[in-house]
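To keep things clear, I will list the structure first and then write my remarks on it.
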Amino acid sequence: MSDVGSVRPEHAAAIAEWDYEADVVVVGYGVAGASAAIEAARAGADVLVLERTGGWGGAAALSGGFIYLGGGTALQKALGFEDTPENMEKYMTAALGPGVDEAKIHDYCQGSVEHFDWLVAQGVPFKEEFWGEPGWEPPADQGLMYSGGENAAPYNTIATPAPRGHLPQMADKHTGEKGGGYMLMKPLTDMAESLGVRAEYDLRLQRLIVDEAGGVVGVVAKRYGKLVHVRARKGVVLATGSFAYNQDMIEAYTPLLINRPAAAIEEHDGIGIRVAQALGAQLAHMDAIEVAIFADPQVMVRGILVNGRGQRYIPEDSYPSHIGQATLIRQSNEAFLIIDESALEEAQNTVSSAAAMRSQPPTWVADSVEELESDIGFPAGVLQATVEVYNRHAKDGADPLLGKKPEWVKPIGTPLAAYDLRNRTGGFTLGGLKTDLDSRVLHVSGDPIPGLFAAGRCTSGICAGGYASGASLGDGSFFGRRAGRAAAKS
């Protein structure tokens, strides 16, 4: 946790001496901060980035690196996939809500091709290879995959499926340690440095500094216990990440994540949100969460998922985050994966970035559905009825109940097993500061707060409830660029 005891703004008139000055001060050196710094520098501003850790990267550098882009990017076209901004917008409006910011979604989709080209121009590499298997991410350095369930029900009936998970190419990657996110951040920070962007590390944001009119003119930070005052002649850009590691905020806004592992970094403590709130900033979708289910998609897709009542509730070939959200939010975090022996053996012989999960043996093994039902503790007949209905249609390769794709629909045979997936979810927060299309932070009155801009997970971006892998890095970099340009011109 940061030292957030007092987030009330400080008045510039009370500051005798500034420790640092710049036209644009960016707080946080993840993907949103780096993108803001680049565009502010290109707009002619003197830019200073303040980072609380000892180096650049943030959560982005530790992530898988997906950037959610579409509308007909060069990579999509090279691999033979057709997409349009309008088609992308249909999917995102349906999948990332309810309550999405339609203006942001539209803007993001219309600018997606240009944003991909911009990333390439900064030196971010993408390999022209498609990965079409279920999974959290490709096992190697493939550059494109379905990362949001676009080709699964119900979204494949709403918009024409197109893969939009763009992944920077990374040799010898190690998922969760050094993956595609590193190869996103390294070129961006190198570009920022080449443009003259300065960076100061080990500085922890404390509060904002305002002038007599209430406009933001700087920040107070702390380094090794000493307060540091930083003047921003044009504007401050907050790019400080989510509030996933602020226990008080989790309890207040997203209680479903209490005691759930956060798929974020400990520096995501909500400080950027809190210092802006102290100026009257508006918040949006503070209850929105991304949820992961800790299970291998290659195994899930070959079985059936049932809830605590023994009933199927989601197509098993869905994007794993949709499965996680449905399990935690709508099924009281209760899920069981039912799979037969032959399907499990088939899954274990596939290549997947989540292969390590398969070393865990099933929780129960049985010779019949009736025996498995009893072992799990379901009321007599409920699981048998679920499997009977599923198998009745699966023998014809159909799933009329939930719409799983025919390629994954096969009858459940015996012997069979079940994995206990109760309490196997965790996630991070999606809500934050309400911003406009120029990434200006909005006051509760609806007016922009002068001199204050924000991007990334400290804001409410394109996700209002649902999620797609790459939405955070895509949203953060896209609107980070807007923040940098707007701050430089303010």
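Identifiers for the structure tokens are assigned positionally: chains receive A, B, ... in sequence, residues are indexed from 1 per chain, and ligands are indexed from 1 in the order shown.
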
Write out as an MDAnalysis selection string which residues come within 12 Å of Glu102 (chain A) when counting only C-alpha atoms, dropping same-chain ones fewer than 5 positions away. chainID A and resid 89:90 92:94 96:97 107:109 436:437 461:464

For this session: Might you pull out every residue within 9 Å of Asp367 (chain A), with only C-alpha atoms counted and same-chain residues fewer than 5 positions away left off, and present them as a ChimeraX atom specification?
Result: /A:372,414-417

Export C-alpha atoms of the chosen residues as a CSV table (one decimal), in the first residue's frame?
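Okay, this is what ended up in again.csv:
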chain,number,residue,atom,x,y,z
A,372,LEU,CA,-19.6,-39.4,-9.9
A,414,THR,CA,-17.1,-43.6,-19.1
A,415,PRO,CA,-14.9,-43.8,-17.2
A,416,LEU,CA,-15.1,-40.2,-16.3
A,417,ALA,CA,-13.8,-37.6,-13.9

Judged by only C-alpha atoms, the minimum distance to Arg274 (chain A) among A:Leu208, A:Leu144, A:Leu62, A:Ala22 is found for A:Leu208

Exercise. What is the distance, in Å and to one decimal place, between CA of Pro450 (chain A) and CA of Val236 (chain A)?
Worked result: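 Separating CA of Pro450 (chain A) from CA of Val236 (chain A) is a distance of 9.6 Å.
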
Please, which residues of region 230-320 of chain A, numbered as in this document, come out strand (DSSP E) from DSSP, as an mmCIF file with N, CA, C and O atoms, in the first residue's frame?
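Full text of states.cif as output:
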data_model
loop_
_atom_site.group_PDB
_atom_site.id
_atom_site.type_symbol
_atom_site.label_atom_id
_atom_site.label_comp_id
_atom_site.auth_asym_id
_atom_site.auth_seq_id
_atom_site.Cartn_x
_atom_site.Cartn_y
_atom_site.Cartn_z
ATOM 1 N N VAL A 230 6.597 18.482 -7.566
ATOM 2 C CA VAL A 230 6.853 18.459 -9.003
ATOM 3 C C VAL A 230 5.852 19.364 -9.700
ATOM 4 O O VAL A 230 4.637 19.172 -9.581
ATOM 5 N N ARG A 231 6.357 20.329 -10.418
ATOM 6 C CA ARG A 231 5.490 21.287 -11.114
ATOM 7 C C ARG A 231 5.197 20.808 -12.527
ATOM 8 O O ARG A 231 6.091 20.347 -13.247
ATOM 9 N N ALA A 232 3.935 20.922 -12.933
ATOM 10 C CA ALA A 232 3.505 20.608 -14.298
ATOM 11 C C ALA A 232 3.003 21.897 -14.932
ATOM 12 O O ALA A 232 1.943 22.409 -14.554
ATOM 13 N N ARG A 233 3.741 22.429 -15.890
ATOM 14 C CA ARG A 233 3.373 23.717 -16.484
ATOM 15 C C ARG A 233 2.132 23.617 -17.367
ATOM 16 O O ARG A 233 1.415 24.599 -17.547
ATOM 17 N N LYS A 234 1.875 22.429 -17.929
ATOM 18 C CA LYS A 234 0.717 22.268 -18.802
ATOM 19 C C LYS A 234 -0.318 21.286 -18.266
ATOM 20 O O LYS A 234 -1.515 21.526 -18.367
ATOM 21 N N GLY A 235 0.132 20.155 -17.741
ATOM 22 C CA GLY A 235 -0.843 19.191 -17.252
ATOM 23 C C GLY A 235 -0.213 17.979 -16.600
ATOM 24 O O GLY A 235 0.967 17.687 -16.791
ATOM 25 N N VAL A 236 -1.017 17.274 -15.815
ATOM 26 C CA VAL A 236 -0.627 16.030 -15.162
ATOM 27 C C VAL A 236 -1.448 14.894 -15.765
ATOM 28 O O VAL A 236 -2.672 15.007 -15.913
ATOM 29 N N VAL A 237 -0.768 13.800 -16.111
ATOM 30 C CA VAL A 237 -1.429 12.598 -16.612
ATOM 31 C C VAL A 237 -1.299 11.505 -15.564
ATOM 32 O O VAL A 237 -0.193 11.095 -15.215
ATOM 33 N N LEU A 238 -2.434 11.027 -15.058
ATOM 34 C CA LEU A 238 -2.434 9.922 -14.111
ATOM 35 C C LEU A 238 -2.507 8.608 -14.883
ATOM 36 O O LEU A 238 -3.430 8.389 -15.673
ATOM 37 N N LEU A 283 -16.493 9.159 -10.884
ATOM 38 C CA LEU A 283 -16.084 7.777 -11.077
ATOM 39 C C LEU A 283 -17.117 7.060 -11.944
ATOM 40 O O LEU A 283 -18.247 7.500 -12.080
ATOM 41 N N ALA A 284 -16.700 5.929 -12.525
ATOM 42 C CA ALA A 284 -17.632 5.139 -13.336
ATOM 43 C C ALA A 284 -17.299 3.661 -13.215
ATOM 44 O O ALA A 284 -16.130 3.280 -13.136
ATOM 45 N N ILE A 289 -15.441 -5.870 -12.841
ATOM 46 C CA ILE A 289 -14.262 -6.690 -12.578
ATOM 47 C C ILE A 289 -13.985 -7.640 -13.734
ATOM 48 O O ILE A 289 -14.893 -8.078 -14.425
ATOM 49 N N GLU A 290 -12.708 -7.925 -13.951
ATOM 50 C CA GLU A 290 -12.268 -9.007 -14.827
ATOM 51 C C GLU A 290 -11.985 -10.204 -13.930
ATOM 52 O O GLU A 290 -11.413 -10.064 -12.851
ATOM 53 N N VAL A 291 -12.423 -11.377 -14.350
ATOM 54 C CA VAL A 291 -12.276 -12.579 -13.527
ATOM 55 C C VAL A 291 -11.649 -13.696 -14.342
ATOM 56 O O VAL A 291 -12.110 -14.000 -15.446
ATOM 57 N N ALA A 292 -10.617 -14.295 -13.802
ATOM 58 C CA ALA A 292 -10.013 -15.470 -14.421
ATOM 59 C C ALA A 292 -10.456 -16.711 -13.665
ATOM 60 O O ALA A 292 -10.627 -16.669 -12.446
ATOM 61 N N ILE A 293 -10.643 -17.805 -14.388
ATOM 62 C CA ILE A 293 -10.868 -19.088 -13.740
ATOM 63 C C ILE A 293 -9.599 -19.911 -13.937
ATOM 64 O O ILE A 293 -9.079 -20.031 -15.053
ATOM 65 N N ILE A 304 -17.801 -30.704 -19.877
ATOM 66 C CA ILE A 304 -18.934 -29.814 -19.613
ATOM 67 C C ILE A 304 -18.747 -29.196 -18.225
ATOM 68 O O ILE A 304 -18.298 -29.857 -17.293
ATOM 69 N N LEU A 305 -19.079 -27.916 -18.126
ATOM 70 C CA LEU A 305 -19.014 -27.203 -16.860
ATOM 71 C C LEU A 305 -20.407 -27.172 -16.249
ATOM 72 O O LEU A 305 -21.375 -26.794 -16.924
ATOM 73 N N VAL A 306 -20.489 -27.557 -14.979
ATOM 74 C CA VAL A 306 -21.775 -27.496 -14.289
ATOM 75 C C VAL A 306 -21.628 -26.685 -13.014
ATOM 76 O O VAL A 306 -20.541 -26.574 -12.446
#

Could you go through region 159-313 of chain A and tell me which residues DSSP, when run on the backbone, assigns to alpha helix (DSSP H), listing them as a CSV table (one decimal) with all heavy atoms, in the first residue's frame?
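The resulting part09.csv:
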chain,number,residue,atom,x,y,z
A,182,TYR,N,6.5,-7.6,-22.1
A,182,TYR,CA,7.9,-7.0,-22.0
A,182,TYR,C,8.2,-6.4,-23.4
A,182,TYR,O,8.7,-5.3,-23.5
A,182,TYR,CB,8.9,-8.0,-21.6
A,182,TYR,CG,10.3,-7.5,-21.7
A,182,TYR,CD1,10.9,-6.8,-20.7
A,182,TYR,CD2,11.1,-7.8,-22.9
A,182,TYR,CE1,12.2,-6.4,-20.8
A,182,TYR,CE2,12.4,-7.3,-23.0
A,182,TYR,CZ,13.0,-6.6,-21.9
A,182,TYR,OH,14.3,-6.1,-22.0
A,183,MET,N,7.8,-7.2,-24.5
A,183,MET,CA,8.1,-6.7,-25.8
A,183,MET,C,7.1,-5.7,-26.3
A,183,MET,O,7.3,-5.2,-27.4
A,183,MET,CB,8.1,-7.9,-26.8
A,183,MET,CG,9.4,-8.7,-26.7
A,183,MET,SD,10.9,-7.7,-26.8
A,183,MET,CE,10.8,-7.0,-28.5
A,184,LEU,N,6.2,-5.3,-25.5
A,184,LEU,CA,5.4,-4.1,-25.8
A,184,LEU,C,6.0,-2.9,-25.1
A,184,LEU,O,6.2,-1.9,-25.7
A,184,LEU,CB,4.0,-4.3,-25.2
A,184,LEU,CG,3.0,-3.1,-25.2
A,184,LEU,CD1,2.8,-2.6,-26.6
A,184,LEU,CD2,1.7,-3.5,-24.5
A,185,MET,N,6.4,-3.1,-23.9
A,185,MET,CA,6.9,-2.0,-23.1
A,185,MET,C,8.4,-1.6,-23.5
A,185,MET,O,8.7,-0.4,-23.4
A,185,MET,CB,6.9,-2.3,-21.6
A,185,MET,CG,5.5,-2.3,-21.0
A,185,MET,SD,4.6,-0.8,-21.3
A,185,MET,CE,5.7,0.4,-20.5
A,186,LYS,N,9.2,-2.5,-23.8
A,186,LYS,CA,10.6,-2.2,-24.1
A,186,LYS,C,10.7,-1.2,-25.3
A,186,LYS,O,11.4,-0.1,-25.2
A,186,LYS,CB,11.4,-3.4,-24.5
A,186,LYS,CG,12.9,-3.2,-24.7
A,186,LYS,CD,13.6,-2.7,-23.5
A,186,LYS,CE,15.1,-2.8,-23.6
A,186,LYS,NZ,15.7,-1.9,-24.7
A,187,PRO,N,10.0,-1.4,-26.5
A,187,PRO,CA,10.1,-0.5,-27.6
A,187,PRO,C,9.5,0.9,-27.2
A,187,PRO,O,10.0,1.9,-27.6
A,187,PRO,CB,9.3,-1.2,-28.7
A,187,PRO,CG,9.4,-2.6,-28.4
A,187,PRO,CD,9.4,-2.7,-26.9
A,188,LEU,N,8.4,0.8,-26.4
A,188,LEU,CA,7.7,2.1,-26.1
A,188,LEU,C,8.6,3.0,-25.2
A,188,LEU,O,8.7,4.2,-25.4
A,188,LEU,CB,6.4,1.8,-25.4
A,188,LEU,CG,5.3,1.2,-26.2
A,188,LEU,CD1,4.0,1.0,-25.4
A,188,LEU,CD2,5.0,2.1,-27.5
A,189,THR,N,9.2,2.4,-24.2
A,189,THR,CA,10.1,3.2,-23.3
A,189,THR,C,11.4,3.6,-24.0
A,189,THR,O,11.9,4.7,-23.7
A,189,THR,CB,10.4,2.4,-22.0
A,189,THR,OG1,10.9,1.1,-22.3
A,189,THR,CG2,9.1,2.3,-21.2
A,190,ASP,N,11.9,2.8,-24.9
A,190,ASP,CA,13.0,3.2,-25.7
A,190,ASP,C,12.7,4.4,-26.6
A,190,ASP,O,13.5,5.3,-26.7
A,190,ASP,CB,13.5,2.0,-26.6
A,190,ASP,CG,14.3,0.9,-25.8
A,190,ASP,OD1,14.6,1.2,-24.7
A,190,ASP,OD2,14.5,-0.2,-26.4
A,191,MET,N,11.5,4.3,-27.2
A,191,MET,CA,11.1,5.5,-28.0
A,191,MET,C,10.9,6.7,-27.2
A,191,MET,O,11.3,7.8,-27.6
A,191,MET,CB,9.8,5.1,-28.7
A,191,MET,CG,9.3,6.2,-29.6
A,191,MET,SD,10.4,6.6,-31.0
A,191,MET,CE,10.3,5.2,-32.0
A,192,ALA,N,10.3,6.6,-26.0
A,192,ALA,CA,10.2,7.8,-25.1
A,192,ALA,C,11.5,8.4,-24.8
A,192,ALA,O,11.7,9.6,-24.9
A,192,ALA,CB,9.4,7.4,-23.9
A,193,GLU,N,12.5,7.5,-24.4
A,193,GLU,CA,13.8,8.0,-24.1
A,193,GLU,C,14.4,8.7,-25.3
A,193,GLU,O,15.1,9.8,-25.1
A,193,GLU,CB,14.7,6.9,-23.6
A,193,GLU,CG,16.1,7.3,-23.2
A,193,GLU,CD,16.9,6.2,-22.7
A,193,GLU,OE1,16.4,5.0,-22.6
A,193,GLU,OE2,18.1,6.4,-22.3
A,194,SER,N,14.3,8.2,-26.5
A,194,SER,CA,14.9,8.8,-27.7
A,194,SER,C,14.2,10.2,-28.0
A,194,SER,O,14.9,11.0,-28.6
A,194,SER,CB,14.7,7.9,-28.9
A,194,SER,OG,13.3,7.9,-29.4
A,247,GLN,N,-7.4,-2.9,-0.2
A,247,GLN,CA,-8.4,-3.7,0.4
A,247,GLN,C,-9.6,-2.9,0.8
A,247,GLN,O,-10.8,-3.4,0.6
A,247,GLN,CB,-7.8,-4.4,1.7
A,247,GLN,CG,-8.7,-5.4,2.3
A,247,GLN,CD,-8.9,-6.7,1.5
A,247,GLN,OE1,-8.2,-6.9,0.6
A,247,GLN,NE2,-10.0,-7.4,1.8
A,248,ASP,N,-9.4,-1.7,1.2
A,248,ASP,CA,-10.6,-0.9,1.6
A,248,ASP,C,-11.5,-0.6,0.4
A,248,ASP,O,-12.7,-0.7,0.5
A,248,ASP,CB,-10.2,0.4,2.2
A,248,ASP,CG,-9.5,0.2,3.6
A,248,ASP,OD1,-9.8,-0.8,4.2
A,248,ASP,OD2,-8.8,1.1,4.1
A,249,MET,N,-10.8,-0.3,-0.7
A,249,MET,CA,-11.6,0.0,-2.0
A,249,MET,C,-12.3,-1.3,-2.5
A,249,MET,O,-13.4,-1.2,-3.0
A,249,MET,CB,-10.7,0.6,-3.0
A,249,MET,CG,-10.2,2.0,-2.6
A,249,MET,SD,-9.1,2.8,-3.8
A,249,MET,CE,-10.3,3.3,-5.1
A,250,ILE,N,-11.6,-2.4,-2.4
A,250,ILE,CA,-12.2,-3.7,-2.8
A,250,ILE,C,-13.4,-4.0,-2.0
A,250,ILE,O,-14.5,-4.3,-2.6
A,250,ILE,CB,-11.2,-4.8,-2.7
A,250,ILE,CG1,-10.0,-4.7,-3.7
A,250,ILE,CG2,-11.9,-6.2,-2.8
A,250,ILE,CD1,-10.5,-4.9,-5.2
A,251,GLU,N,-13.3,-3.8,-0.7
A,251,GLU,CA,-14.5,-4.0,0.1
A,251,GLU,C,-15.6,-3.1,-0.2
A,251,GLU,O,-16.8,-3.4,-0.1
A,251,GLU,CB,-14.1,-3.9,1.6
A,251,GLU,CG,-13.2,-5.1,2.0
A,251,GLU,CD,-12.7,-4.9,3.5
A,251,GLU,OE1,-13.1,-3.9,4.1
A,251,GLU,OE2,-11.9,-5.8,3.9
A,252,ALA,N,-15.3,-1.8,-0.6
A,252,ALA,CA,-16.3,-0.8,-0.8
A,252,ALA,C,-17.0,-1.0,-2.2
A,252,ALA,O,-18.2,-0.8,-2.3
A,252,ALA,CB,-15.7,0.6,-0.7
A,253,TYR,N,-16.2,-1.3,-3.2
A,253,TYR,CA,-16.7,-1.3,-4.6
A,253,TYR,C,-16.9,-2.7,-5.2
A,253,TYR,O,-17.8,-2.9,-6.0
A,253,TYR,CB,-15.8,-0.5,-5.4
A,253,TYR,CG,-15.7,1.0,-5.1
A,253,TYR,CD1,-14.5,1.5,-4.6
A,253,TYR,CD2,-16.8,1.8,-5.2
A,253,TYR,CE1,-14.4,2.8,-4.2
A,253,TYR,CE2,-16.7,3.2,-4.8
A,253,TYR,CZ,-15.5,3.7,-4.3
A,253,TYR,OH,-15.4,5.0,-4.0
A,271,ILE,N,-4.3,4.8,-5.8
A,271,ILE,CA,-3.9,6.2,-5.4
A,271,ILE,C,-4.3,7.2,-6.4
A,271,ILE,O,-4.7,8.3,-6.1
A,271,ILE,CB,-2.4,6.2,-5.0
A,271,ILE,CG1,-2.0,7.6,-4.6
A,271,ILE,CG2,-1.5,5.8,-6.2
A,271,ILE,CD1,-2.6,8.1,-3.3
A,272,GLY,N,-4.1,6.9,-7.7
A,272,GLY,CA,-4.5,7.9,-8.7
A,272,GLY,C,-6.0,8.2,-8.7
A,272,GLY,O,-6.4,9.4,-8.9
A,273,ILE,N,-6.8,7.2,-8.4
A,273,ILE,CA,-8.2,7.5,-8.3
A,273,ILE,C,-8.5,8.4,-7.1
A,273,ILE,O,-9.3,9.3,-7.1
A,273,ILE,CB,-9.0,6.1,-8.2
A,273,ILE,CG1,-8.8,5.3,-9.4
A,273,ILE,CG2,-10.5,6.4,-7.9
A,273,ILE,CD1,-9.3,3.9,-9.3
A,274,ARG,N,-7.9,8.1,-6.0
A,274,ARG,CA,-8.2,8.8,-4.7
A,274,ARG,C,-7.7,10.2,-4.8
A,274,ARG,O,-8.5,11.1,-4.3
A,274,ARG,CB,-7.5,8.0,-3.6
A,274,ARG,CG,-8.0,6.6,-3.3
A,274,ARG,CD,-7.5,6.0,-2.1
A,274,ARG,NE,-8.0,6.8,-0.9
A,274,ARG,CZ,-7.4,6.8,0.3
A,274,ARG,NH1,-6.3,6.1,0.5
A,274,ARG,NH2,-7.9,7.5,1.3
A,275,VAL,N,-6.6,10.5,-5.3
A,275,VAL,CA,-6.2,11.9,-5.4
A,275,VAL,C,-7.0,12.7,-6.3
A,275,VAL,O,-7.3,13.9,-6.0
A,275,VAL,CB,-4.7,12.1,-5.8
A,275,VAL,CG1,-3.8,11.4,-4.8
A,275,VAL,CG2,-4.4,11.6,-7.2
A,276,ALA,N,-7.6,12.1,-7.3
A,276,ALA,CA,-8.5,12.8,-8.2
A,276,ALA,C,-9.9,13.0,-7.6
A,276,ALA,O,-10.5,14.0,-7.7
A,276,ALA,CB,-8.6,12.1,-9.6
A,277,GLN,N,-10.3,12.0,-6.8
A,277,GLN,CA,-11.6,12.1,-6.1
A,277,GLN,C,-11.5,13.3,-5.1
A,277,GLN,O,-12.5,13.9,-4.9
A,277,GLN,CB,-11.8,10.8,-5.3
A,277,GLN,CG,-12.5,9.7,-6.0
A,277,GLN,CD,-12.8,8.6,-5.0
A,277,GLN,OE1,-11.9,7.8,-4.6
A,277,GLN,NE2,-14.1,8.4,-4.6
A,297,PRO,N,-8.1,-24.1,-20.6
A,297,PRO,CA,-9.1,-24.1,-21.6
A,297,PRO,C,-9.1,-25.3,-22.5
A,297,PRO,O,-10.2,-25.7,-22.9
A,297,PRO,CB,-8.8,-22.8,-22.4
A,297,PRO,CG,-8.1,-21.9,-21.4
A,297,PRO,CD,-7.2,-22.9,-20.6
A,298,GLN,N,-8.0,-25.9,-22.7
A,298,GLN,CA,-7.9,-27.1,-23.5
A,298,GLN,C,-8.7,-28.3,-22.8
A,298,GLN,O,-9.2,-29.2,-23.5
A,298,GLN,CB,-6.5,-27.5,-23.8
A,298,GLN,CG,-5.7,-26.6,-24.8
A,298,GLN,CD,-6.1,-27.0,-26.2
A,298,GLN,OE1,-6.8,-27.9,-26.5
A,298,GLN,NE2,-5.7,-26.1,-27.1
A,299,VAL,N,-8.7,-28.3,-21.5
A,299,VAL,CA,-9.5,-29.3,-20.8
A,299,VAL,C,-10.9,-28.9,-20.7
A,299,VAL,O,-11.8,-29.7,-21.0
A,299,VAL,CB,-8.9,-29.5,-19.4
A,299,VAL,CG1,-9.7,-30.6,-18.6
A,299,VAL,CG2,-7.4,-30.0,-19.5
A,300,MET,N,-11.2,-27.7,-20.4
A,300,MET,CA,-12.6,-27.2,-20.2
A,300,MET,C,-13.4,-27.4,-21.5
A,300,MET,O,-14.5,-27.9,-21.5
A,300,MET,CB,-12.6,-25.7,-19.8
A,300,MET,CG,-12.2,-25.5,-18.4
A,300,MET,SD,-12.6,-23.8,-17.8
A,300,MET,CE,-11.6,-22.8,-18.8

- Query: So which one's closest to His285 (chain A), A:Asp101, A:Asp141, A:Glu39, A:Glu133? Using only C-alpha atoms, please.
  - Reply: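 Answer, going by the shortest atom-to-atom distance: A:Asp101.
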
re CA of Pro362 (chain A) and CA of Glu341 (chain A): distance 10.5 Å

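Across A:Gly446, A:Gly28, A:Gly470, A:Gly324, the tightest approach to Arg204 (chain A) is made by A:Gly28 when counting only C-alpha atoms.
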